[in-house]
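Single-structure report; data block below.
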Amino acid sequence: MKRTYLISILTLVILTSTGPIGAVMLLGTAQEKNGGDIYEINTDDGTITLLFDIPDEPEWKLNDSPNGNAFDEDSGRFYFTSFTDPGSPANSSSGSNLYFVDLLSSSPTIVYAGLLEGQASNATFHEDAYWYISHGTNDIQKVTFHENGSVNLDTFMTTVKHDKPGYLIFGDIAFANDGVLYLTGAVKHQGTNYKQSISGVIDVTNGDFIEIGSALYWGQIAFGDDGWLYGNNGTGDVFRINTASGKTKYVFTARVFTDLATYSKGKHQRPNKYQ
C-alpha cells in the first residue's frame with residue numbers, strides 16, 4: 001500500500017515572494033545516497049535552493065531515482081517517477097511509479113499518483129497532461145489525471161521516427177510555449193554498446209523527427225520563462241541552447257541533476273516559505 005510522506009523542507013537561500021527580479025527558475029532532481037533531493041535552480045546567478053528532501057525509504061533506493069520530472073503550472077504539482085533503468089530495449093514490463101508534490105502547499109507532501117505503463121526517465125507537461133518516452137523504446141505516452149492528481153489514462157501517442165537504428169535512451173523532452181516538443185538523448189545500436197547522440201524536435205501527431213545541431217547532446221533539458229532552452233549534460237554544467245542551431249552557451253556549474261523540469265510561464269506562485 002502506498003503511503004503519503006511528510007517532507008522536511010530545507011531552505012538554503014532566502015528569497016522574496018516573487019523571487020529575485022528577472023530571475024529564471026528551473027526545477028531539478030538529484031540522486032542522493034539516502035533518497036533524493038528536489039531543487040530550484042536560478043539560471044541568472046547559478047544559485048540552487050533545496051526545496052525537498054525525499055525520505056529515506058526503500059522505493060527511493062534505486063539507481064536513477066528520482067527522475068521523469070514535469071511541473072504542472074496550473075495545479076502547482078511537481079511530478080516525478082521512482083525510476084530503475086530496465087535496459088534498452090526495455091526488459092521489464094513493471095512500469096514506474098509516479099508521484100507528485102504540491103509546490104503551492106504550505107505543508108507539502110509526496111503523494112502517490114499511480115503506476116505508469118512504461119519506464120519514465122524523461123518527461124514534460126503540456127496541455128494538462130504528462131508526456132514521456134517509455135525508456136528503451138521510441139514510444140511517446142501521454143498521461144491524463146483525475147482532479148486529485150492521480151493517473152487517469154496512460155495512452156500511447158506515436159513512435160519517434162529517426163534514421164538511426166536502435167532505441168532512444170538517457171534522454172529528455174521539453175515542450176516549448178508554442179507546442180513544439182524538443183528531444184535529446186542517445187540511440188543505442190542493436191547488438192552493440194555504441195551510443196549515438198540525438199537532439200531535435202518531434203511532430204507529436206505522426207512521430208516525425210527533425211534533427212538539430214548534428215546530433216549534439218543537450219543533456220537534461222527544460223525551458224525557462226525567458227524562452228531559452230536550458231540543459232545539464234551530466235557534468236554539472238548548465239548551458240543555454242539555441243534551438244535553431246543546437247549550439248550551446250555555458251552559463252554556470254551547479255551539480256549533476258538526474259532530470260530538469262520547466263518552472264516557467266509566470267503562472268506559478270512561490271510557496272509560503274519564500275514569503
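Ligands are numbered from 1 in the order shown, residues from 1 within each chain, and chains are lettered A, B, ... in the order they appear in the C-alpha cells.
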Close residues, Arg255 (chain A) itself excluded, 12 Å, only C-alpha atoms, min 3 positions apart in chain, as a PyMOL selection string:
chain A and resi 28-32+37+39+41+46-49+232-238+252+258-260
Show me, as an MDAnalysis selection string, the residues that have an atom within 12 Å of Asp208 (chain A) when counting only C-alpha atoms, minus same-chain residues fewer than 5 positions from it.
chainID A and resid 138 140 158:163 181:183 200:203
Taking a cut-off of 9 Å and counting only C-alpha atoms, can you build a table that, for each residue of region 125-241 of chain A near region 71-77 of chain A, reports the nearest atom pair and how far apart they are in Å (one decimal), sorted by chain then residue number, as a tab-separated table?
```
residue	atom	partner	partner_atom	distance
A:Phe125	CA	A:Asp72	CA	6.0
A:His126	CA	A:Asp72	CA	8.0
A:Asp128	CA	A:Asp72	CA	7.1
A:Ala129	CA	A:Asp72	CA	8.2
A:Tyr130	CA	A:Asp72	CA	8.3
A:Gly149	CA	A:Arg77	CA	8.0
```
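Residues in contact range of Gly68 (chain A), defined as at most 8 Å between only C-alpha atoms, with sequence neighbours fewer than 6 positions away removed, read A:Tyr79, A:Phe80, A:Thr81, A:Phe83, A:Ala120, A:Ser121, A:Asn122, A:Ala123, A:Thr124, A:Tyr132, A:Asp259.
For the pair CA of Met25 (chain A) and CA of Thr43 (chain A), the interatomic distance is 6.2 Å.
A straight line drawn from CA of Val251 (chain A) to CA of Tyr230 (chain A) is 9.3 Å long.
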Write out as JSON, numbers by chain the residues lying within 8 Å of Asp154 (chain A), counting only C-alpha atoms and excluding same-chain residues fewer than 6 positions away.
{"A": [116, 117, 141, 142, 143, 144]}
Output as a ChimeraX atom specification all residues of region 203-253 of chain A that backbone DSSP marks as strand (DSSP E).
/A:209-211,220-223,229-232,237-241,248-253
Could you state the separation of CA of Phe257 (chain A) and CA of Phe145 (chain A) in Å, given to one decimal place?
26.3 Å
With a distance cut-off of 12 Å and only C-alpha atoms, select the neighbouring residues of region 184-188 of chain A, excluding the residue or stretch itself and same-chain residues fewer than 5 positions from it, and output the selection as a PyMOL selection string.
chain A and resi 87-90+121-123+133+135-138+160-174+193-202+209-222+229-234+241+243+246
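Counting only C-alpha atoms, the residue from A:Phe52, A:Leu27, A:Val204, A:Leu115 that sits nearest to Glu40 (chain A) is A:Leu27.
The environment of Ser150 (chain A) within 7 Å, counting only C-alpha atoms and disregarding residues fewer than 4 places along the same chain, consists of Ala113, Gly114, Phe145 and His146 of chain A.
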